[in-house]
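*Asks:* One file is attached below, data_30.txt, containing compact mmCIF, N, CA and C atoms and all ligand atoms.
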```txt
# COMPACT_ATOMS: atom_id res chain seq x y z
N MET A 1 82.11 26.05 38.63
CA MET A 1 83.35 25.81 37.90
C MET A 1 84.17 24.76 38.63
N ASP A 2 83.79 23.49 38.42
CA ASP A 2 84.43 22.38 39.13
C ASP A 2 85.91 22.27 38.82
N ARG A 3 86.20 22.39 37.52
CA ARG A 3 87.59 22.14 37.10
C ARG A 3 87.99 23.15 36.04
N ILE A 4 89.22 23.62 36.17
CA ILE A 4 89.80 24.56 35.21
C ILE A 4 90.93 23.84 34.49
N LEU A 5 90.91 23.94 33.16
CA LEU A 5 91.99 23.35 32.35
C LEU A 5 92.97 24.45 32.01
N VAL A 6 94.24 24.20 32.20
CA VAL A 6 95.22 25.17 31.71
C VAL A 6 96.20 24.44 30.80
N ALA A 7 96.39 25.03 29.61
CA ALA A 7 97.21 24.39 28.58
C ALA A 7 98.63 24.94 28.64
N VAL A 8 99.60 24.06 28.76
CA VAL A 8 100.99 24.52 28.86
C VAL A 8 101.85 23.88 27.77
N ASP A 9 102.71 24.73 27.20
CA ASP A 9 103.63 24.26 26.15
C ASP A 9 105.09 24.52 26.52
N GLY A 10 105.32 24.84 27.79
CA GLY A 10 106.71 25.09 28.24
C GLY A 10 107.17 26.52 28.02
N SER A 11 106.31 27.36 27.47
CA SER A 11 106.70 28.75 27.19
C SER A 11 106.36 29.66 28.36
N GLU A 12 106.99 30.84 28.37
CA GLU A 12 106.73 31.82 29.42
C GLU A 12 105.27 32.33 29.38
N PRO A 13 104.71 32.62 28.19
CA PRO A 13 103.29 33.05 28.18
C PRO A 13 102.35 31.98 28.75
N ALA A 14 102.64 30.72 28.50
CA ALA A 14 101.79 29.65 29.04
C ALA A 14 101.91 29.61 30.56
N LEU A 15 103.11 29.86 31.05
CA LEU A 15 103.31 29.86 32.50
C LEU A 15 102.56 31.04 33.14
N LYS A 16 102.58 32.16 32.47
CA LYS A 16 101.84 33.33 32.97
C LYS A 16 100.34 33.00 33.03
N ALA A 17 99.84 32.34 31.99
CA ALA A 17 98.44 31.92 31.98
C ALA A 17 98.17 30.94 33.12
N ALA A 18 99.12 30.04 33.34
CA ALA A 18 98.94 29.03 34.39
C ALA A 18 98.89 29.70 35.77
N ARG A 19 99.69 30.75 35.96
CA ARG A 19 99.65 31.45 37.26
C ARG A 19 98.26 32.06 37.49
N MET A 20 97.70 32.60 36.42
CA MET A 20 96.36 33.17 36.56
C MET A 20 95.33 32.06 36.82
N ALA A 21 95.50 30.94 36.14
CA ALA A 21 94.58 29.81 36.35
C ALA A 21 94.64 29.33 37.80
N VAL A 22 95.83 29.31 38.36
CA VAL A 22 96.00 28.90 39.77
C VAL A 22 95.23 29.86 40.68
N ASP A 23 95.38 31.13 40.40
CA ASP A 23 94.72 32.16 41.21
C ASP A 23 93.19 32.00 41.13
N ILE A 24 92.69 31.79 39.92
CA ILE A 24 91.24 31.64 39.73
C ILE A 24 90.76 30.36 40.41
N ALA A 25 91.51 29.28 40.25
CA ALA A 25 91.12 28.00 40.86
C ALA A 25 91.02 28.14 42.37
N ARG A 26 91.97 28.88 42.93
CA ARG A 26 91.97 29.06 44.38
C ARG A 26 90.73 29.85 44.82
N ARG A 27 90.44 30.92 44.09
CA ARG A 27 89.31 31.77 44.47
C ARG A 27 87.97 31.07 44.31
N PHE A 28 87.86 30.19 43.29
CA PHE A 28 86.60 29.50 43.04
C PHE A 28 86.54 28.12 43.70
N GLY A 29 87.63 27.71 44.33
CA GLY A 29 87.67 26.38 44.92
C GLY A 29 87.59 25.30 43.85
N SER A 30 88.16 25.57 42.67
CA SER A 30 88.12 24.61 41.56
C SER A 30 89.34 23.69 41.58
N LYS A 31 89.17 22.53 40.95
CA LYS A 31 90.33 21.68 40.68
C LYS A 31 91.04 22.24 39.46
N LEU A 32 92.31 21.91 39.34
CA LEU A 32 93.10 22.42 38.22
C LEU A 32 93.73 21.25 37.47
N THR A 33 93.59 21.26 36.15
CA THR A 33 94.26 20.25 35.33
C THR A 33 95.25 20.92 34.39
N LEU A 34 96.50 20.51 34.49
CA LEU A 34 97.53 20.99 33.55
C LEU A 34 97.54 20.06 32.36
N VAL A 35 97.39 20.63 31.18
CA VAL A 35 97.30 19.82 29.96
C VAL A 35 98.45 20.15 29.03
N HIS A 36 99.11 19.14 28.53
CA HIS A 36 100.06 19.35 27.44
C HIS A 36 99.71 18.42 26.29
N VAL A 37 99.74 18.98 25.09
CA VAL A 37 99.45 18.17 23.90
C VAL A 37 100.74 17.95 23.12
N VAL A 38 101.04 16.70 22.89
CA VAL A 38 102.18 16.34 22.05
C VAL A 38 101.68 16.33 20.61
N PRO A 39 102.20 17.24 19.79
CA PRO A 39 101.70 17.32 18.41
C PRO A 39 102.06 16.06 17.62
N ARG A 40 101.31 15.84 16.57
CA ARG A 40 101.59 14.70 15.69
C ARG A 40 102.94 14.87 15.01
N LEU A 41 103.54 13.76 14.68
CA LEU A 41 104.80 13.81 13.93
C LEU A 41 104.58 14.42 12.56
N LEU A 42 105.55 15.17 12.13
CA LEU A 42 105.47 15.75 10.79
C LEU A 42 105.86 14.72 9.74
N LEU A 43 106.76 13.86 10.12
CA LEU A 43 107.27 12.85 9.18
C LEU A 43 107.15 11.49 9.84
N PRO A 44 107.14 10.42 9.04
CA PRO A 44 107.09 9.08 9.66
C PRO A 44 108.34 8.84 10.50
N PRO A 45 108.21 8.04 11.59
CA PRO A 45 109.30 7.89 12.55
C PRO A 45 110.60 7.38 11.95
N ASP A 46 110.54 6.57 10.89
CA ASP A 46 111.80 6.01 10.37
C ASP A 46 112.68 7.10 9.76
N VAL A 47 112.08 8.22 9.41
CA VAL A 47 112.87 9.35 8.91
C VAL A 47 113.83 9.83 10.00
N TYR A 48 113.40 9.70 11.26
CA TYR A 48 114.24 10.11 12.39
C TYR A 48 115.16 8.98 12.84
N GLY A 49 115.08 7.84 12.19
CA GLY A 49 115.89 6.69 12.59
C GLY A 49 115.40 6.05 13.87
N LEU A 50 114.11 6.17 14.15
CA LEU A 50 113.54 5.63 15.38
C LEU A 50 112.30 4.80 15.06
N THR A 51 111.97 3.88 15.96
CA THR A 51 110.70 3.17 15.81
C THR A 51 109.59 4.02 16.43
N ILE A 52 108.35 3.68 16.12
CA ILE A 52 107.22 4.40 16.71
C ILE A 52 107.27 4.31 18.23
N ALA A 53 107.60 3.11 18.73
CA ALA A 53 107.66 2.93 20.20
C ALA A 53 108.69 3.87 20.81
N GLU A 54 109.84 4.01 20.14
CA GLU A 54 110.88 4.90 20.67
C GLU A 54 110.44 6.36 20.64
N VAL A 55 109.80 6.74 19.55
CA VAL A 55 109.32 8.12 19.43
C VAL A 55 108.29 8.40 20.53
N GLU A 56 107.38 7.45 20.73
CA GLU A 56 106.34 7.64 21.75
C GLU A 56 106.95 7.75 23.14
N LYS A 57 107.98 6.93 23.38
CA LYS A 57 108.66 6.97 24.68
C LYS A 57 109.30 8.35 24.89
N GLU A 58 109.97 8.85 23.87
CA GLU A 58 110.58 10.19 23.95
C GLU A 58 109.52 11.26 24.20
N HIS A 59 108.41 11.15 23.50
CA HIS A 59 107.32 12.12 23.66
C HIS A 59 106.77 12.10 25.08
N ARG A 60 106.57 10.91 25.60
CA ARG A 60 106.05 10.80 26.97
C ARG A 60 107.01 11.43 27.97
N ALA A 61 108.30 11.13 27.78
CA ALA A 61 109.32 11.67 28.70
C ALA A 61 109.38 13.20 28.58
N TYR A 62 109.31 13.69 27.35
CA TYR A 62 109.35 15.14 27.13
C TYR A 62 108.16 15.81 27.80
N ALA A 63 106.98 15.24 27.59
CA ALA A 63 105.75 15.81 28.17
C ALA A 63 105.81 15.79 29.69
N ALA A 64 106.32 14.69 30.25
CA ALA A 64 106.40 14.58 31.71
C ALA A 64 107.34 15.64 32.27
N THR A 65 108.48 15.85 31.62
CA THR A 65 109.44 16.85 32.07
C THR A 65 108.85 18.25 31.98
N LEU A 66 108.16 18.50 30.87
CA LEU A 66 107.54 19.81 30.67
C LEU A 66 106.51 20.10 31.78
N LEU A 67 105.70 19.08 32.10
CA LEU A 67 104.68 19.26 33.14
C LEU A 67 105.33 19.37 34.52
N ASP A 68 106.40 18.61 34.75
CA ASP A 68 107.15 18.74 36.02
C ASP A 68 107.62 20.18 36.21
N LYS A 69 108.19 20.74 35.14
CA LYS A 69 108.73 22.10 35.23
C LYS A 69 107.61 23.10 35.49
N ALA A 70 106.47 22.92 34.81
CA ALA A 70 105.34 23.83 35.02
C ALA A 70 104.87 23.74 36.47
N GLU A 71 104.73 22.52 36.98
CA GLU A 71 104.29 22.36 38.37
C GLU A 71 105.27 23.01 39.35
N ALA A 72 106.56 22.83 39.06
CA ALA A 72 107.58 23.37 39.96
C ALA A 72 107.56 24.90 39.96
N ALA A 73 107.16 25.47 38.84
CA ALA A 73 107.17 26.94 38.72
C ALA A 73 105.90 27.57 39.30
N LEU A 74 104.93 26.74 39.65
CA LEU A 74 103.65 27.26 40.15
C LEU A 74 103.53 27.02 41.65
N ASP A 75 102.76 27.86 42.29
CA ASP A 75 102.47 27.65 43.70
C ASP A 75 101.13 26.93 43.80
N LEU A 76 101.19 25.59 43.89
CA LEU A 76 99.96 24.79 43.81
C LEU A 76 99.45 24.37 45.18
N GLY A 77 100.07 24.92 46.24
CA GLY A 77 99.69 24.53 47.60
C GLY A 77 98.19 24.68 47.85
N GLY A 78 97.58 23.64 48.39
CA GLY A 78 96.17 23.69 48.75
C GLY A 78 95.22 23.47 47.59
N LEU A 79 95.76 23.27 46.39
CA LEU A 79 94.89 23.04 45.23
C LEU A 79 94.89 21.56 44.86
N GLU A 80 93.73 21.10 44.41
CA GLU A 80 93.66 19.74 43.89
C GLU A 80 94.05 19.79 42.41
N THR A 81 95.21 19.24 42.12
CA THR A 81 95.78 19.39 40.77
C THR A 81 96.04 18.03 40.14
N ASN A 82 95.79 17.92 38.85
CA ASN A 82 96.26 16.74 38.12
C ASN A 82 96.80 17.16 36.77
N ARG A 83 97.29 16.20 36.02
CA ARG A 83 97.91 16.52 34.74
C ARG A 83 97.50 15.52 33.68
N THR A 84 97.42 16.02 32.46
CA THR A 84 96.98 15.18 31.35
C THR A 84 97.89 15.41 30.16
N VAL A 85 98.33 14.33 29.54
CA VAL A 85 99.07 14.44 28.29
C VAL A 85 98.17 13.92 27.17
N LEU A 86 97.99 14.76 26.15
CA LEU A 86 97.14 14.39 25.02
C LEU A 86 98.02 14.37 23.76
N TYR A 87 97.50 13.74 22.72
CA TYR A 87 98.26 13.63 21.47
C TYR A 87 97.41 14.16 20.33
N GLY A 88 98.07 14.78 19.38
CA GLY A 88 97.35 15.23 18.19
C GLY A 88 97.47 16.71 17.97
N SER A 89 96.41 17.27 17.41
CA SER A 89 96.40 18.69 17.10
C SER A 89 96.05 19.45 18.38
N PRO A 90 96.92 20.36 18.87
CA PRO A 90 96.73 20.91 20.22
C PRO A 90 95.35 21.53 20.46
N ALA A 91 94.89 22.42 19.58
CA ALA A 91 93.61 23.09 19.86
C ALA A 91 92.47 22.07 19.89
N GLU A 92 92.47 21.14 18.94
CA GLU A 92 91.39 20.14 18.89
C GLU A 92 91.42 19.25 20.14
N ALA A 93 92.62 18.84 20.53
CA ALA A 93 92.74 17.96 21.70
C ALA A 93 92.29 18.68 22.97
N ILE A 94 92.66 19.95 23.10
CA ILE A 94 92.28 20.71 24.30
C ILE A 94 90.76 20.93 24.31
N ALA A 95 90.19 21.24 23.14
CA ALA A 95 88.74 21.45 23.05
C ALA A 95 87.98 20.17 23.43
N GLU A 96 88.50 19.04 23.00
CA GLU A 96 87.85 17.76 23.31
C GLU A 96 87.88 17.50 24.81
N GLU A 97 89.02 17.78 25.41
CA GLU A 97 89.17 17.61 26.86
C GLU A 97 88.24 18.57 27.61
N ALA A 98 88.09 19.76 27.04
CA ALA A 98 87.24 20.79 27.68
C ALA A 98 85.77 20.41 27.65
N ALA A 99 85.41 19.47 26.78
CA ALA A 99 84.01 19.05 26.69
C ALA A 99 83.57 18.23 27.92
N ALA A 100 84.52 17.74 28.70
CA ALA A 100 84.17 16.97 29.90
C ALA A 100 83.26 17.81 30.79
N GLY A 101 82.28 17.13 31.38
CA GLY A 101 81.22 17.82 32.09
C GLY A 101 81.67 18.73 33.22
N ASP A 102 82.78 18.38 33.87
CA ASP A 102 83.18 19.17 35.05
C ASP A 102 84.08 20.35 34.71
N VAL A 103 84.44 20.51 33.44
CA VAL A 103 85.33 21.63 33.06
C VAL A 103 84.50 22.89 32.85
N GLY A 104 84.86 23.94 33.58
CA GLY A 104 84.12 25.19 33.47
C GLY A 104 84.86 26.28 32.72
N LEU A 105 86.17 26.13 32.59
CA LEU A 105 86.98 27.20 31.98
C LEU A 105 88.27 26.60 31.44
N VAL A 106 88.70 27.15 30.30
CA VAL A 106 89.99 26.77 29.72
C VAL A 106 90.87 28.01 29.70
N VAL A 107 92.10 27.88 30.18
CA VAL A 107 93.01 29.03 30.24
C VAL A 107 94.23 28.73 29.37
N VAL A 108 94.55 29.68 28.48
CA VAL A 108 95.73 29.55 27.61
C VAL A 108 96.48 30.88 27.57
N GLY A 109 97.74 30.81 27.18
CA GLY A 109 98.49 32.02 26.89
C GLY A 109 98.11 32.53 25.51
N SER A 110 98.33 33.83 25.29
CA SER A 110 98.05 34.36 23.94
C SER A 110 99.09 33.88 22.95
N ARG A 111 100.30 33.67 23.43
CA ARG A 111 101.40 33.21 22.60
C ARG A 111 102.05 32.00 23.26
N GLY A 112 102.88 31.34 22.48
CA GLY A 112 103.59 30.18 23.02
C GLY A 112 105.04 30.22 22.61
N HIS A 113 105.50 29.07 22.18
CA HIS A 113 106.91 28.95 21.79
C HIS A 113 107.21 29.53 20.42
N GLY A 114 106.22 29.46 19.54
CA GLY A 114 106.49 29.81 18.13
C GLY A 114 106.44 31.30 17.90
N ALA A 115 107.08 32.07 18.81
CA ALA A 115 106.89 33.51 18.81
C ALA A 115 107.27 34.20 17.49
N VAL A 116 106.27 34.53 16.72
CA VAL A 116 106.44 35.46 15.59
C VAL A 116 105.89 36.78 16.13
N ALA A 117 106.78 37.73 16.42
CA ALA A 117 106.43 38.87 17.26
C ALA A 117 105.23 39.67 16.75
N ARG A 118 105.02 39.72 15.46
CA ARG A 118 103.95 40.58 14.95
C ARG A 118 102.57 39.97 15.20
N MET A 119 102.52 38.69 15.51
CA MET A 119 101.21 38.07 15.69
C MET A 119 100.64 38.34 17.07
N PHE A 120 99.34 38.60 17.08
CA PHE A 120 98.65 38.95 18.31
C PHE A 120 98.31 37.69 19.10
N LEU A 121 97.86 36.68 18.36
CA LEU A 121 97.50 35.40 18.96
C LEU A 121 98.22 34.29 18.22
N GLY A 122 98.66 33.29 18.96
CA GLY A 122 99.22 32.11 18.32
C GLY A 122 98.11 31.28 17.69
N SER A 123 98.49 30.33 16.88
CA SER A 123 97.49 29.54 16.15
C SER A 123 96.68 28.63 17.09
N VAL A 124 97.31 28.18 18.17
CA VAL A 124 96.58 27.28 19.08
C VAL A 124 95.52 28.06 19.86
N SER A 125 95.92 29.18 20.44
CA SER A 125 94.92 29.96 21.21
C SER A 125 93.85 30.51 20.28
N ASP A 126 94.23 30.93 19.09
CA ASP A 126 93.26 31.45 18.12
C ASP A 126 92.22 30.39 17.77
N ARG A 127 92.71 29.21 17.44
CA ARG A 127 91.79 28.14 17.03
C ARG A 127 90.90 27.70 18.20
N LEU A 128 91.52 27.64 19.38
CA LEU A 128 90.76 27.19 20.56
C LEU A 128 89.59 28.13 20.85
N VAL A 129 89.82 29.41 20.71
CA VAL A 129 88.74 30.38 20.94
C VAL A 129 87.56 30.08 20.01
N HIS A 130 87.88 29.61 18.80
CA HIS A 130 86.81 29.31 17.84
C HIS A 130 86.09 27.99 18.14
N ILE A 131 86.80 26.99 18.59
CA ILE A 131 86.19 25.65 18.65
C ILE A 131 85.89 25.16 20.06
N SER A 132 86.34 25.85 21.09
CA SER A 132 86.14 25.32 22.45
C SER A 132 84.66 25.31 22.83
N PRO A 133 84.19 24.20 23.39
CA PRO A 133 82.81 24.16 23.87
C PRO A 133 82.63 24.91 25.19
N LYS A 134 83.73 25.34 25.81
CA LYS A 134 83.67 26.02 27.11
C LYS A 134 84.36 27.38 27.00
N PRO A 135 84.07 28.27 27.94
CA PRO A 135 84.71 29.59 27.91
C PRO A 135 86.24 29.45 27.92
N VAL A 136 86.87 30.34 27.15
CA VAL A 136 88.34 30.34 27.07
C VAL A 136 88.85 31.68 27.58
N LEU A 137 89.80 31.63 28.48
CA LEU A 137 90.48 32.84 28.93
C LEU A 137 91.86 32.86 28.28
N VAL A 138 92.10 33.86 27.43
CA VAL A 138 93.39 34.02 26.76
C VAL A 138 94.17 35.08 27.52
N VAL A 139 95.29 34.69 28.08
CA VAL A 139 96.06 35.59 28.95
C VAL A 139 97.17 36.28 28.14
N HIS A 140 97.09 37.59 28.03
CA HIS A 140 98.12 38.36 27.34
C HIS A 140 99.21 38.77 28.33
N1 LIG B 1 101.19 21.67 22.55
C1 LIG B 1 100.50 22.41 23.41
N2 LIG B 1 99.97 21.83 24.51
C2 LIG B 1 99.27 22.55 25.40
N3 LIG B 1 99.03 23.87 25.27
C3 LIG B 1 99.55 24.49 24.20
C4 LIG B 1 100.29 23.82 23.21
N4 LIG B 1 100.65 24.72 22.26
C5 LIG B 1 100.15 25.90 22.66
N5 LIG B 1 99.48 25.78 23.82
C6 LIG B 1 98.76 26.84 24.56
O1 LIG B 1 98.40 27.85 23.66
C7 LIG B 1 99.00 29.10 24.04
C8 LIG B 1 99.35 29.86 22.78
O2 LIG B 1 100.31 29.14 22.05
P1 LIG B 1 100.32 29.11 20.46
O3 LIG B 1 100.96 27.82 20.07
O4 LIG B 1 98.96 29.43 19.96
O5 LIG B 1 101.26 30.37 20.11
P2 LIG B 1 102.68 30.39 19.38
O6 LIG B 1 103.46 29.16 19.76
O7 LIG B 1 103.27 31.72 19.72
O8 LIG B 1 102.29 30.37 17.85
P3 LIG B 1 102.28 29.17 16.79
O9 LIG B 1 102.32 27.86 17.54
O10 LIG B 1 101.03 29.38 16.03
O11 LIG B 1 103.52 29.38 15.99
C9 LIG B 1 100.18 28.70 24.92
O12 LIG B 1 100.53 29.75 25.83
C10 LIG B 1 99.61 27.49 25.65
O13 LIG B 1 98.73 27.94 26.69
MG MG B 2 102.81 27.18 19.43
```
For the file at hand, write its structure as structure tokens.
*Replies:*
Amino acid sequence: MDRILVAVDGSEPALKAARMAVDIARRFGSKLTLVHVVPRLLLPPDVYGLTIAEVEKEHRAYAATLLDKAEAALDLGGLETNRTVLYGSPAEAIAEEAAAGDVGLVVVGSRGHGAVARMFLGSVSDRLVHISPKPVLVVH
């Protein structure tokens, strides 16, 4: 298990999953990659009164801040860690990243930001379990 991917969306369940990913990475001597996917725009950028370049800049800044916060909340000492920002549909983008030869495990939270309390799994973790080419650990 050369590298473990952990998907973070800024939510508490994702952070809980990331803590477990850190623990596993340490025990297996794996590298850790923190991944955040910036979802596609729902509407064309001019609806927001912004150019595509401005929207992309905001997205990059948002993703960087989110990953900064995740890193700050984790104890990453002694681990080889990097971070990746992807764009598009979160489950598909994470699955594609997981296809890289050195990835041995993908770790996600069972829920994220879109907490509808009655749901057992969020749509991203649910879909990822179906399409990931690598084992997925869903942390409840
Ligand atoms: N944009 C994202 N980038 C990276 N990881 C994500 C993203 N969205 C969700 N995840 C991962 O998937 C886990 C489950 O989140 P998910 O989005 O499936 O649940 P939810 O937000 O509660 O429900 P839904 O989004 O379906 O309303 C998160 O804990 C996180 O690990
Ligand atoms: Mg979500």
*Asks:* Return as a Markdown table the residues of chain A lying at most 5 Å from ligand MG 2 (chain B), together with the closest atom-to-atom pair for each and the distance in Å to one decimal, counting all atoms listed in the file, with rows in chain order and ascending residue number.
*Replies:*
```
| residue | atom | partner | partner_atom | distance |
| --- | --- | --- | --- | --- |
| A:Gly112 | CA | B:MG2 | MG | 4.7 |
| A:His113 | N | B:MG2 | MG | 4.3 |
| A:Gly114 | N | B:MG2 | MG | 4.1 |
```
*Asks:* Please determine, counting all atoms listed in the file, which residue among A:Glu92, A:Asp75, A:Asp102, A:Glu97 has the shortest atom-to-atom distance to A:Val22.
*Replies:* A:Asp75
*Asks:* What is the distance between atom C of A:Ser89 and atom C of A:Val8, in Å to one decimal?
*Replies:*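 Atom-to-atom, atom C of A:Ser89 and atom C of A:Val8 are spaced 11.9 Å apart.
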*Asks:* Show me the residues around (105.2, 13.3, 12.9) - criterion: an atom at most 12 Å away, only C-alpha atoms counted - as an NGL selection string.
*Replies:* :A and (38-48 or 50-52 or 55-56 or 59 or 87-89)
*Asks:* May I have the residues within 6.5 Å of ligand LIG 1 (chain B), computed using all atoms listed in the file, as a PDB file with N, CA and C atoms, in the frame of the given file?
*Replies:*
```pdb
ATOM      1  N   VAL A   6      94.240  24.200  32.200  1.00  0.00           N
ATOM      2  CA  VAL A   6      95.220  25.170  31.710  1.00  0.00           C
ATOM      3  C   VAL A   6      96.200  24.440  30.800  1.00  0.00           C
ATOM      4  N   ALA A   7      96.390  25.030  29.610  1.00  0.00           N
ATOM      5  CA  ALA A   7      97.210  24.390  28.580  1.00  0.00           C
ATOM      6  C   ALA A   7      98.630  24.940  28.640  1.00  0.00           C
ATOM      7  N   VAL A   8      99.600  24.060  28.760  1.00  0.00           N
ATOM      8  CA  VAL A   8     100.990  24.520  28.860  1.00  0.00           C
ATOM      9  C   VAL A   8     101.850  23.880  27.770  1.00  0.00           C
ATOM     10  N   ASP A   9     102.710  24.730  27.200  1.00  0.00           N
ATOM     11  CA  ASP A   9     103.630  24.260  26.150  1.00  0.00           C
ATOM     12  C   ASP A   9     105.090  24.520  26.520  1.00  0.00           C
ATOM     13  N   SER A  11     106.310  27.360  27.470  1.00  0.00           N
ATOM     14  CA  SER A  11     106.700  28.750  27.190  1.00  0.00           C
ATOM     15  C   SER A  11     106.360  29.660  28.360  1.00  0.00           C
ATOM     16  N   GLU A  12     106.990  30.840  28.370  1.00  0.00           N
ATOM     17  CA  GLU A  12     106.730  31.820  29.420  1.00  0.00           C
ATOM     18  C   GLU A  12     105.270  32.330  29.380  1.00  0.00           C
ATOM     19  N   PRO A  13     104.710  32.620  28.190  1.00  0.00           N
ATOM     20  CA  PRO A  13     103.290  33.050  28.180  1.00  0.00           C
ATOM     21  C   PRO A  13     102.350  31.980  28.750  1.00  0.00           C
ATOM     22  N   ALA A  14     102.640  30.720  28.500  1.00  0.00           N
ATOM     23  CA  ALA A  14     101.790  29.650  29.040  1.00  0.00           C
ATOM     24  C   ALA A  14     101.910  29.610  30.560  1.00  0.00           C
ATOM     25  N   LEU A  15     103.110  29.860  31.050  1.00  0.00           N
ATOM     26  CA  LEU A  15     103.310  29.860  32.500  1.00  0.00           C
ATOM     27  C   LEU A  15     102.560  31.040  33.140  1.00  0.00           C
ATOM     28  N   VAL A  35      97.390  20.630  31.180  1.00  0.00           N
ATOM     29  CA  VAL A  35      97.300  19.820  29.960  1.00  0.00           C
ATOM     30  C   VAL A  35      98.450  20.150  29.030  1.00  0.00           C
ATOM     31  N   HIS A  36      99.110  19.140  28.530  1.00  0.00           N
ATOM     32  CA  HIS A  36     100.060  19.350  27.440  1.00  0.00           C
ATOM     33  C   HIS A  36      99.710  18.420  26.290  1.00  0.00           C
ATOM     34  N   VAL A  37      99.740  18.980  25.090  1.00  0.00           N
ATOM     35  CA  VAL A  37      99.450  18.170  23.900  1.00  0.00           C
ATOM     36  C   VAL A  37     100.740  17.950  23.120  1.00  0.00           C
ATOM     37  N   VAL A  38     101.040  16.700  22.890  1.00  0.00           N
ATOM     38  CA  VAL A  38     102.180  16.340  22.050  1.00  0.00           C
ATOM     39  C   VAL A  38     101.680  16.330  20.610  1.00  0.00           C
ATOM     40  N   PRO A  39     102.200  17.240  19.790  1.00  0.00           N
ATOM     41  CA  PRO A  39     101.700  17.320  18.410  1.00  0.00           C
ATOM     42  C   PRO A  39     102.060  16.060  17.620  1.00  0.00           C
ATOM     43  N   PRO A  90      96.920  20.360  18.870  1.00  0.00           N
ATOM     44  CA  PRO A  90      96.730  20.910  20.220  1.00  0.00           C
ATOM     45  C   PRO A  90      95.350  21.530  20.460  1.00  0.00           C
ATOM     46  N   VAL A 107      92.100  27.880  30.180  1.00  0.00           N
ATOM     47  CA  VAL A 107      93.010  29.030  30.240  1.00  0.00           C
ATOM     48  C   VAL A 107      94.230  28.730  29.370  1.00  0.00           C
ATOM     49  N   VAL A 108      94.550  29.680  28.480  1.00  0.00           N
ATOM     50  CA  VAL A 108      95.730  29.550  27.610  1.00  0.00           C
ATOM     51  C   VAL A 108      96.480  30.880  27.570  1.00  0.00           C
ATOM     52  N   GLY A 109      97.740  30.810  27.180  1.00  0.00           N
ATOM     53  CA  GLY A 109      98.490  32.020  26.890  1.00  0.00           C
ATOM     54  C   GLY A 109      98.110  32.530  25.510  1.00  0.00           C
ATOM     55  N   SER A 110      98.330  33.830  25.290  1.00  0.00           N
ATOM     56  CA  SER A 110      98.050  34.360  23.940  1.00  0.00           C
ATOM     57  C   SER A 110      99.090  33.880  22.950  1.00  0.00           C
ATOM     58  N   ARG A 111     100.300  33.670  23.430  1.00  0.00           N
ATOM     59  CA  ARG A 111     101.400  33.210  22.600  1.00  0.00           C
ATOM     60  C   ARG A 111     102.050  32.000  23.260  1.00  0.00           C
ATOM     61  N   GLY A 112     102.880  31.340  22.480  1.00  0.00           N
ATOM     62  CA  GLY A 112     103.590  30.180  23.020  1.00  0.00           C
ATOM     63  C   GLY A 112     105.040  30.220  22.610  1.00  0.00           C
ATOM     64  N   HIS A 113     105.500  29.070  22.180  1.00  0.00           N
ATOM     65  CA  HIS A 113     106.910  28.950  21.790  1.00  0.00           C
ATOM     66  C   HIS A 113     107.210  29.530  20.420  1.00  0.00           C
ATOM     67  N   GLY A 114     106.220  29.460  19.540  1.00  0.00           N
ATOM     68  CA  GLY A 114     106.490  29.810  18.130  1.00  0.00           C
ATOM     69  C   GLY A 114     106.440  31.300  17.900  1.00  0.00           C
ATOM     70  N   ALA A 115     107.080  32.070  18.810  1.00  0.00           N
ATOM     71  CA  ALA A 115     106.890  33.510  18.810  1.00  0.00           C
ATOM     72  C   ALA A 115     107.270  34.200  17.490  1.00  0.00           C
ATOM     73  N   VAL A 116     106.270  34.530  16.720  1.00  0.00           N
ATOM     74  CA  VAL A 116     106.440  35.460  15.590  1.00  0.00           C
ATOM     75  C   VAL A 116     105.890  36.780  16.130  1.00  0.00           C
ATOM     76  N   LEU A 121      97.860  36.680  18.360  1.00  0.00           N
ATOM     77  CA  LEU A 121      97.500  35.400  18.960  1.00  0.00           C
ATOM     78  C   LEU A 121      98.220  34.290  18.220  1.00  0.00           C
ATOM     79  N   GLY A 122      98.660  33.290  18.960  1.00  0.00           N
ATOM     80  CA  GLY A 122      99.220  32.110  18.320  1.00  0.00           C
ATOM     81  C   GLY A 122      98.110  31.280  17.690  1.00  0.00           C
ATOM     82  N   SER A 123      98.490  30.330  16.880  1.00  0.00           N
ATOM     83  CA  SER A 123      97.490  29.540  16.150  1.00  0.00           C
ATOM     84  C   SER A 123      96.680  28.630  17.090  1.00  0.00           C
ATOM     85  N   VAL A 124      97.310  28.180  18.170  1.00  0.00           N
ATOM     86  CA  VAL A 124      96.580  27.280  19.080  1.00  0.00           C
ATOM     87  C   VAL A 124      95.520  28.060  19.860  1.00  0.00           C
ATOM     88  N   SER A 125      95.920  29.180  20.440  1.00  0.00           N
ATOM     89  CA  SER A 125      94.920  29.960  21.210  1.00  0.00           C
ATOM     90  C   SER A 125      93.850  30.510  20.280  1.00  0.00           C
ATOM     91  N   ASP A 126      94.230  30.930  19.090  1.00  0.00           N
ATOM     92  CA  ASP A 126      93.260  31.450  18.120  1.00  0.00           C
ATOM     93  C   ASP A 126      92.220  30.390  17.770  1.00  0.00           C
TER      94      ASP A 126
END
```
*Asks:* Can you pull out the residues contacting A:Pro133? Cut-off 7 Å, using only C-alpha atoms, and skip same-chain residues under 5 positions away; I want them as a PyMOL selection string.
*Replies:* chain A and resi 95+98-99
*Asks:* Between atom CA of A:Phe28 and atom CA of A:Asn82, what is the distance in Å, rounded to a tenth?
*Replies:* 16.7 Å
